[in-house]
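**Student:** The file below is final.txt, compact mmCIF, C-alpha atoms and all ligand atoms:
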```
# COMPACT_ATOMS: atom_id res chain seq x y z
CA MET I 1 43.77 99.84 14.39
CA ARG I 2 46.13 96.97 14.96
CA ILE I 3 48.66 96.93 12.13
CA ALA I 4 50.91 93.93 11.50
CA ILE I 5 54.03 94.92 9.60
CA LEU I 6 55.94 92.05 8.03
CA GLY I 7 59.56 93.20 8.00
CA ALA I 8 61.18 95.59 10.47
CA GLY I 9 63.84 97.13 8.24
CA ASN I 10 63.95 100.61 6.77
CA VAL I 11 60.39 100.56 5.47
CA GLY I 12 58.82 98.39 8.15
CA GLY I 13 60.46 100.36 10.95
CA GLY I 14 59.70 103.73 9.32
CA LEU I 15 56.05 102.92 8.71
CA GLY I 16 55.76 101.42 12.19
CA ARG I 17 57.00 104.63 13.78
CA ALA I 18 54.63 106.75 11.68
CA PHE I 19 51.57 104.55 12.28
CA ALA I 20 52.29 104.38 16.01
CA ALA I 21 52.63 108.17 16.16
CA ALA I 22 49.19 108.35 14.50
CA GLY I 23 47.76 106.25 17.34
CA HIS I 24 47.81 102.72 15.89
CA ASP I 25 49.05 99.53 17.56
CA VAL I 26 52.01 98.07 15.71
CA VAL I 27 53.23 94.49 15.74
CA PHE I 28 56.15 93.33 13.61
CA GLY I 29 56.24 89.95 11.93
CA VAL I 30 59.88 88.96 11.43
CA ARG I 31 62.10 85.95 10.90
CA ASP I 32 64.28 86.93 13.87
CA PRO I 33 62.75 88.98 16.72
CA GLU I 34 66.29 89.54 18.05
CA SER I 35 67.82 90.91 14.81
CA VAL I 36 69.53 94.30 14.94
CA LYS I 37 66.89 95.85 12.68
CA THR I 38 64.00 94.44 14.66
CA LEU I 39 65.44 95.57 17.99
CA ALA I 40 66.05 99.05 16.56
CA ALA I 41 62.44 99.28 15.35
CA LEU I 42 61.08 98.07 18.69
CA ALA I 43 63.26 100.50 20.62
CA ASP I 44 61.73 103.42 18.72
CA ILE I 45 58.10 102.46 19.18
CA PRO I 46 56.70 102.20 22.72
CA ASP I 47 54.48 99.14 23.24
CA SER I 48 55.34 97.59 19.87
CA VAL I 49 56.15 93.87 19.79
CA ALA I 50 57.78 91.44 17.38
CA ALA I 51 56.73 87.88 16.67
CA SER I 52 56.79 85.36 13.86
CA PRO I 53 54.76 86.46 10.80
CA GLY I 54 52.00 83.96 11.55
CA VAL I 55 51.56 85.20 15.12
CA ALA I 56 51.89 88.88 14.16
CA VAL I 57 48.92 88.83 11.77
CA GLU I 58 46.58 87.26 14.37
CA GLY I 59 43.91 89.84 15.16
CA ALA I 60 45.46 92.46 12.89
CA ASP I 61 43.09 94.79 11.03
CA VAL I 62 45.72 95.50 8.39
CA VAL I 63 48.82 93.62 7.24
CA VAL I 64 51.70 95.49 5.60
CA PHE I 65 54.36 93.71 3.53
CA ALA I 66 57.76 95.40 3.97
CA VAL I 67 60.22 92.55 3.49
CA ARG I 68 62.75 92.16 0.69
CA PRO I 69 60.95 90.58 -2.29
CA VAL I 70 63.17 87.48 -2.08
CA ALA I 71 61.50 86.81 1.25
CA ILE I 72 57.89 86.94 -0.01
CA THR I 73 57.40 83.21 -0.52
CA ALA I 74 59.01 82.22 2.79
CA THR I 75 57.03 84.87 4.66
CA VAL I 76 53.70 83.90 3.08
CA SER I 77 54.37 80.24 3.87
CA GLU I 78 54.22 81.13 7.58
CA LEU I 79 50.88 82.94 7.37
CA PRO I 80 47.35 81.69 7.93
CA SER I 81 44.76 82.59 5.28
CA LEU I 82 44.46 86.35 4.93
CA ALA I 83 41.18 86.09 3.00
CA GLY I 84 39.09 89.21 3.65
CA LYS I 85 42.01 91.03 5.30
CA VAL I 86 43.39 94.34 4.02
CA VAL I 87 46.98 93.75 2.87
CA ILE I 88 49.17 96.71 1.90
CA ASP I 89 52.21 96.00 -0.25
CA ALA I 90 54.98 98.58 0.25
CA MET I 91 57.64 96.61 -1.64
CA ASN I 92 59.49 97.19 -4.90
CA ARG I 93 61.30 94.68 -7.07
CA PHE I 94 64.26 95.75 -9.21
CA ASP I 95 67.38 94.61 -11.00
CA ALA I 96 67.87 90.85 -11.31
CA GLU I 97 64.56 90.29 -9.58
CA VAL I 98 62.63 92.25 -12.19
CA THR I 99 59.67 90.55 -13.77
CA ALA I 100 56.70 91.93 -15.63
CA ARG I 101 54.62 91.34 -12.53
CA SER I 102 54.52 93.51 -9.45
CA THR I 103 55.06 92.15 -5.96
CA THR I 104 51.39 93.05 -5.36
CA GLN I 105 50.32 90.79 -8.21
CA ASP I 106 52.46 88.01 -6.76
CA LEU I 107 50.81 88.50 -3.36
CA ALA I 108 47.36 88.41 -4.96
CA GLN I 109 48.19 84.95 -6.27
CA LEU I 110 49.80 83.74 -3.04
CA LEU I 111 47.08 85.13 -0.75
CA PRO I 112 43.70 84.19 -2.24
CA GLY I 113 40.87 86.43 -1.05
CA ALA I 114 43.13 89.05 0.54
CA LYS I 115 42.17 92.68 -0.10
CA LEU I 116 45.36 93.89 -1.73
CA VAL I 117 46.65 97.36 -2.41
CA LYS I 118 50.00 98.93 -3.27
CA ALA I 119 51.08 101.95 -1.20
CA PHE I 120 54.03 103.61 0.55
CA ASN I 121 56.51 102.40 -2.11
CA THR I 122 57.14 105.60 -4.10
CA ILE I 123 59.16 107.56 -1.56
CA GLY I 124 62.26 106.94 0.59
CA PHE I 125 61.62 105.46 4.02
CA GLU I 126 63.15 108.53 5.69
CA ASN I 127 60.02 110.47 4.79
CA PHE I 128 57.36 108.37 6.51
CA GLY I 129 57.70 110.13 9.84
CA SER I 130 57.98 113.68 8.55
CA ALA I 131 55.33 113.86 5.82
CA GLY I 132 53.06 116.06 7.92
CA ALA I 133 55.75 118.73 8.26
CA ARG I 134 56.08 119.50 4.53
CA SER I 135 55.01 122.87 3.13
CA ILE I 136 53.86 121.20 -0.10
CA PRO I 137 52.15 117.88 0.71
CA ALA I 138 53.81 114.76 -0.69
CA ALA I 139 51.50 112.62 -2.79
CA MET I 140 51.11 108.97 -1.85
CA PHE I 141 49.99 106.90 -4.81
CA ILE I 142 47.74 103.96 -4.04
CA ALA I 143 46.78 101.30 -6.58
CA GLY I 144 44.70 98.16 -6.49
CA ASP I 145 41.35 96.68 -7.44
CA ASP I 146 39.85 96.40 -3.95
CA GLU I 147 38.01 99.57 -2.98
CA ASP I 148 37.95 98.76 0.76
CA ALA I 149 41.70 98.21 0.83
CA LYS I 150 42.22 101.40 -1.11
CA ARG I 151 40.08 103.37 1.35
CA VAL I 152 42.04 101.98 4.32
CA ALA I 153 45.43 102.69 2.72
CA MET I 154 44.34 106.19 1.75
CA ARG I 155 43.17 106.92 5.29
CA LEU I 156 46.45 105.65 6.76
CA ALA I 157 48.46 107.70 4.27
CA GLU I 158 46.48 110.79 5.21
CA GLN I 159 46.86 110.13 8.93
CA ILE I 160 50.66 110.11 8.64
CA GLY I 161 50.68 113.33 6.62
CA PHE I 162 50.59 112.35 2.94
CA GLN I 163 48.15 113.48 0.27
CA PRO I 164 46.65 110.14 -0.80
CA GLU I 165 46.01 109.73 -4.51
CA ASP I 166 44.07 106.95 -6.20
CA ALA I 167 46.56 105.74 -8.81
CA GLY I 168 44.31 103.18 -10.49
CA GLY I 169 43.84 99.44 -10.41
CA MET I 170 46.05 96.40 -9.87
CA ALA I 171 47.49 96.80 -13.39
CA ASN I 172 49.13 100.02 -12.20
CA THR I 173 50.93 98.42 -9.26
CA LYS I 174 53.89 97.59 -11.52
CA VAL I 175 53.82 101.17 -12.78
CA LEU I 176 54.20 102.36 -9.18
CA GLU I 177 57.25 100.11 -8.79
CA GLU I 178 58.73 101.58 -11.95
CA MET I 179 58.02 105.11 -10.70
CA VAL I 180 60.58 104.52 -7.98
CA LYS I 181 63.29 104.62 -10.64
CA VAL I 182 62.18 108.18 -11.38
CA TRP I 183 62.15 108.98 -7.66
CA MET I 184 65.71 107.64 -7.36
CA ALA I 185 66.86 109.84 -10.25
CA LEU I 186 65.21 112.86 -8.64
CA ALA I 187 66.83 111.98 -5.32
CA GLN I 188 70.25 112.26 -6.97
CA ALA I 189 69.57 115.92 -7.68
CA HIS I 190 67.34 116.88 -4.76
CA GLY I 191 68.24 114.44 -1.99
CA ARG I 192 66.17 111.67 -0.43
CA THR I 193 63.55 114.02 0.97
CA VAL I 194 62.27 114.68 -2.56
CA ALA I 195 58.66 113.60 -3.17
CA PHE I 196 56.09 113.53 -5.92
CA ALA I 197 53.35 116.15 -5.55
CA ILE I 198 50.15 117.00 -7.40
CA SER I 199 49.90 120.29 -9.26
CA GLU I 200 46.48 121.30 -10.53
CA GLY I 201 45.85 124.09 -12.95
N1 LIG S 1 64.41 101.74 1.41
C1 LIG S 1 63.43 102.56 0.97
O1 LIG S 1 63.49 103.80 1.04
C2 LIG S 1 62.19 101.94 0.37
C3 LIG S 1 61.05 102.74 0.18
C4 LIG S 1 59.89 102.17 -0.32
C5 LIG S 1 59.86 100.80 -0.62
N2 LIG S 1 61.00 100.04 -0.43
C6 LIG S 1 60.91 98.60 -0.72
O2 LIG S 1 60.54 97.96 0.50
C7 LIG S 1 61.13 96.65 0.60
C8 LIG S 1 61.96 96.57 1.89
O3 LIG S 1 63.02 97.52 1.81
P1 LIG S 1 63.84 97.96 3.09
O4 LIG S 1 64.67 99.11 2.66
O5 LIG S 1 62.94 98.12 4.27
O6 LIG S 1 64.80 96.68 3.33
P2 LIG S 1 65.59 96.27 4.66
O7 LIG S 1 65.87 97.45 5.50
O8 LIG S 1 66.72 95.42 4.22
O9 LIG S 1 64.52 95.35 5.45
C9 LIG S 1 64.08 94.17 4.85
C10 LIG S 1 63.26 93.32 5.80
O10 LIG S 1 63.07 92.08 5.11
C11 LIG S 1 63.57 91.01 5.93
N3 LIG S 1 64.21 89.99 5.08
C12 LIG S 1 65.19 90.15 4.18
N4 LIG S 1 65.53 88.97 3.62
C13 LIG S 1 64.72 88.06 4.21
C14 LIG S 1 64.54 86.66 4.05
N5 LIG S 1 65.28 85.96 3.18
N6 LIG S 1 63.59 86.03 4.80
C15 LIG S 1 62.83 86.74 5.69
N7 LIG S 1 62.95 88.08 5.88
C16 LIG S 1 63.87 88.72 5.14
C17 LIG S 1 64.60 91.63 6.84
O11 LIG S 1 64.73 90.81 7.98
P3 LIG S 1 66.14 90.73 8.80
O12 LIG S 1 66.21 91.96 9.67
O13 LIG S 1 65.99 89.46 9.58
O14 LIG S 1 67.24 90.68 7.77
C18 LIG S 1 63.95 93.00 7.13
O15 LIG S 1 62.98 92.87 8.13
C19 LIG S 1 61.97 96.48 -0.69
O16 LIG S 1 61.16 95.84 -1.65
C20 LIG S 1 62.22 97.93 -1.12
O17 LIG S 1 62.44 98.06 -2.52
C21 LIG S 1 62.16 100.58 0.07
```
Would you give me this structure, written as structure tokens?
Ligand SMILES: NC(=O)c1ccc[n+]([C@@H]2O[C@H](COP(=O)([O-])OP(=O)(O)OC[C@H]3O[C@@H](n4cnc5c(N)ncnc54)[C@H](OP(=O)(O)O)[C@@H]3O)[C@@H](O)[C@H]2O)c1

**Tutor:**
Amino acid sequence: MRIAILGAGNVGGGLGRAFAAAGHDVVFGVRDPESVKTLAALADIPDSVAASPGVAVEGADVVVFAVRPVAITATVSELPSLAGKVVIDAMNRFDAEVTARSTTQDLAQLLPGAKLVKAFNTIGFENFGSAGARSIPAAMFIAGDDEDAKRVAMRLAEQIGFQPEDAGGMANTKVLEEMVKVWMALAQAHGRTVAFAISEG
């Protein structure tokens, strides 16, 4: 698949490396193709390219949002309609930016007709490339109302080594953002490689 990742920072770069290692084509959509972060991401991923957000999403099968939430509106303003396109939101919004709505719910309003899903937000970016090497698989929670988008996100999560878990509908996307506060507390004790896992019994 061709995956357009909007944002080439910690999360965008980390997901880009993992998706490329799984055999996908990665194109970054960024405000500055020459920024230090963008150049670092490109250097790590053979054949990846960076362009403006509007150009990056052209012909993409999947679009991933991995910018800072303050940049959502400006980034969306550069995009064509994403109606019918699978859009994965990997962002979290905290602190002064906190609202009762998730970034995914904001995107649903800003991108009418897009097939939205929340994923890849409940673990530190350092873990995207090493998920397949864990003795106990790390769960990747995926929430949204669009079943196609959920299927795509779950397949991508599995391909890069996570155990994908259906975490419910759009209403739970804010819950997944809040879960990160728990992950951060756990990371204090266990380090940033800590992950949520499923225990059945
Ligand atoms: N860090 C983690 O472990 C982690 C894990 C899961 C989810 N998240 C969430 O993912 C999101 C991104 O986090 P990150 O750690 O990847 O951040 P980051 O390393 O700072 O990267 C942010 C990206 O957003 C772009 N950006 C920032 N401000 C912008 C603006 N005003 N206009 C346009 N683009 C802008 C940056 O572009 P420039 O390079 O041009 O500045 C960069 O590409 C956040 O919501 C975060 O909570 C983080």

**Student:** Which residues form the shell of 8 Å around ligand LIG 1 (chain S) when you count all atoms listed in the file, given as a PDB file with C-alpha atoms, in the frame of the given file?

**Tutor:**
```pdb
ATOM      1  CA  LEU I   6      55.940  92.050   8.030  1.00  0.00           C
ATOM      2  CA  GLY I   7      59.560  93.200   8.000  1.00  0.00           C
ATOM      3  CA  ALA I   8      61.180  95.590  10.470  1.00  0.00           C
ATOM      4  CA  GLY I   9      63.840  97.130   8.240  1.00  0.00           C
ATOM      5  CA  ASN I  10      63.950 100.610   6.770  1.00  0.00           C
ATOM      6  CA  VAL I  11      60.390 100.560   5.470  1.00  0.00           C
ATOM      7  CA  GLY I  12      58.820  98.390   8.150  1.00  0.00           C
ATOM      8  CA  GLY I  13      60.460 100.360  10.950  1.00  0.00           C
ATOM      9  CA  VAL I  30      59.880  88.960  11.430  1.00  0.00           C
ATOM     10  CA  ARG I  31      62.100  85.950  10.900  1.00  0.00           C
ATOM     11  CA  ASP I  32      64.280  86.930  13.870  1.00  0.00           C
ATOM     12  CA  PRO I  33      62.750  88.980  16.720  1.00  0.00           C
ATOM     13  CA  SER I  35      67.820  90.910  14.810  1.00  0.00           C
ATOM     14  CA  VAL I  36      69.530  94.300  14.940  1.00  0.00           C
ATOM     15  CA  LYS I  37      66.890  95.850  12.680  1.00  0.00           C
ATOM     16  CA  THR I  38      64.000  94.440  14.660  1.00  0.00           C
ATOM     17  CA  PHE I  65      54.360  93.710   3.530  1.00  0.00           C
ATOM     18  CA  ALA I  66      57.760  95.400   3.970  1.00  0.00           C
ATOM     19  CA  VAL I  67      60.220  92.550   3.490  1.00  0.00           C
ATOM     20  CA  ARG I  68      62.750  92.160   0.690  1.00  0.00           C
ATOM     21  CA  PRO I  69      60.950  90.580  -2.290  1.00  0.00           C
ATOM     22  CA  VAL I  70      63.170  87.480  -2.080  1.00  0.00           C
ATOM     23  CA  ALA I  71      61.500  86.810   1.250  1.00  0.00           C
ATOM     24  CA  ILE I  72      57.890  86.940  -0.010  1.00  0.00           C
ATOM     25  CA  ALA I  74      59.010  82.220   2.790  1.00  0.00           C
ATOM     26  CA  THR I  75      57.030  84.870   4.660  1.00  0.00           C
ATOM     27  CA  ALA I  90      54.980  98.580   0.250  1.00  0.00           C
ATOM     28  CA  MET I  91      57.640  96.610  -1.640  1.00  0.00           C
ATOM     29  CA  ASN I  92      59.490  97.190  -4.900  1.00  0.00           C
ATOM     30  CA  ARG I  93      61.300  94.680  -7.070  1.00  0.00           C
ATOM     31  CA  PHE I  94      64.260  95.750  -9.210  1.00  0.00           C
ATOM     32  CA  PHE I 120      54.030 103.610   0.550  1.00  0.00           C
ATOM     33  CA  ASN I 121      56.510 102.400  -2.110  1.00  0.00           C
ATOM     34  CA  THR I 122      57.140 105.600  -4.100  1.00  0.00           C
ATOM     35  CA  ILE I 123      59.160 107.560  -1.560  1.00  0.00           C
ATOM     36  CA  GLY I 124      62.260 106.940   0.590  1.00  0.00           C
ATOM     37  CA  PHE I 125      61.620 105.460   4.020  1.00  0.00           C
ATOM     38  CA  GLU I 126      63.150 108.530   5.690  1.00  0.00           C
TER      39      GLU I 126
END
```

**Student:** Counting all atoms listed in the file, write as a list in words all protein and nucleic acid residues lying at most 12 Å from (52.6, 87.9, -7.7) in the file's frame.

**Tutor:**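 Within 12 Å of (52.6, 87.9, -7.7), the protein and nucleic acid residues are Pro69, Val70, Ile72, Thr73, Val76, Asp89, Met91, Asn92, Arg93, Val98, Thr99, Ala100, Arg101, Ser102, Thr103, Thr104, Gln105, Asp106, Leu107, Ala108, Gln109, Leu110, Leu111, Pro112, Leu116, Met170, Ala171, Thr173 and Lys174 of chain I.
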
**Student:** Between I:Gly191, I:Gly16, I:Gly84, I:Gly113, which is the closest to Phe28 (chain I) once you count all atoms listed in the file?

**Tutor:**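 Of I:Gly191, I:Gly16, I:Gly84, I:Gly113, the one nearest Phe28 (chain I), counting all atoms listed in the file, is I:Gly16.
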
**Student:** Ranking I:Asp61, I:Glu177, I:Glu200, I:Asp47 by minimum distance to Ala21 (chain I) and counting all atoms listed in the file, which one comes first?

**Tutor:**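 The answer is I:Asp47, which sits nearest to Ala21 (chain I).
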
**Student:** Residues within 7 Å of (54.7, 115.6, -3.3), file coordinates, counting all atoms listed in the file: what are they? Give the list as a PyMOL selection string.

**Tutor:** chain I and resi 136-139+195-198

**Student:** Can I get the selected residues back with C-alpha atoms, as a compact mmCIF listing (two decimals), keeping the file's coordinate frame?

**Tutor:**
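File again-v1.txt, as written:
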```txt
# COMPACT_ATOMS: atom_id res chain seq x y z
CA ILE I 136 53.86 121.20 -0.10
CA PRO I 137 52.15 117.88 0.71
CA ALA I 138 53.81 114.76 -0.69
CA ALA I 139 51.50 112.62 -2.79
CA ALA I 195 58.66 113.60 -3.17
CA PHE I 196 56.09 113.53 -5.92
CA ALA I 197 53.35 116.15 -5.55
CA ILE I 198 50.15 117.00 -7.40
```

**Student:** By how many Å are CA of Leu42 (chain I) and CA of Ala131 (chain I) apart?

**Tutor:**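 Value for the CA of Leu42 (chain I)-CA of Ala131 (chain I) distance: 21.2 Å.
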
**Student:** For Val55 (chain I), which residue among I:Ala157, I:Lys181, I:Lys150, I:Gly29 is the nearest when counting only C-alpha atoms?

**Tutor:**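 Ranked by minimum distance to Val55 (chain I), first place goes to I:Gly29.
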
**Student:** Figure out the distance between CA of Ala60 (chain I) and CA of Val27 (chain I), please, to one decimal in Å.

**Tutor:**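 Going from CA of Val27 (chain I) over to CA of Ala60 (chain I), I get 8.5 Å.
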
**Student:** Hey, can you check how far CA of Arg2 (chain I) sits from CA of Ala40 (chain I)?

**Tutor:**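 These two atoms are separated by 20.1 Å.
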
**Student:** For each of I:Ala114, I:Ala50, I:Val175, I:Ala143, take the minimum atom-to-atom distance to Ser81 (chain I), counting all atoms listed in the file, then give the residue where this is smallest.

**Tutor:**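 Once distances to Ser81 (chain I) are computed over all atoms listed in the file, the minimum belongs to I:Ala114.
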
**Student:** Counting only C-alpha atoms, which of I:Ala41, I:Ile160, I:Met140, I:Met179 gets nearest to His24 (chain I)?

**Tutor:**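 Closest to His24 (chain I), using only C-alpha atoms: I:Ile160.
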
**Student:** Show me, as a ChimeraX atom specification, the residues that have an atom within 8 Å of Val62 (chain I) when counting all atoms listed in the file, minus same-chain residues fewer than 3 positions from it.

**Tutor:** /I:1-4,85-88

**Student:** Please provide as a list in words all residues within 8 Å of Ala153 (chain I), with the sequence filter that same-chain residues fewer than 5 positions apart are discarded (counting all atoms listed in the file).

**Tutor:**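 Selected residues are Ile88, Val117, Ala119 and Ile142 of chain I.
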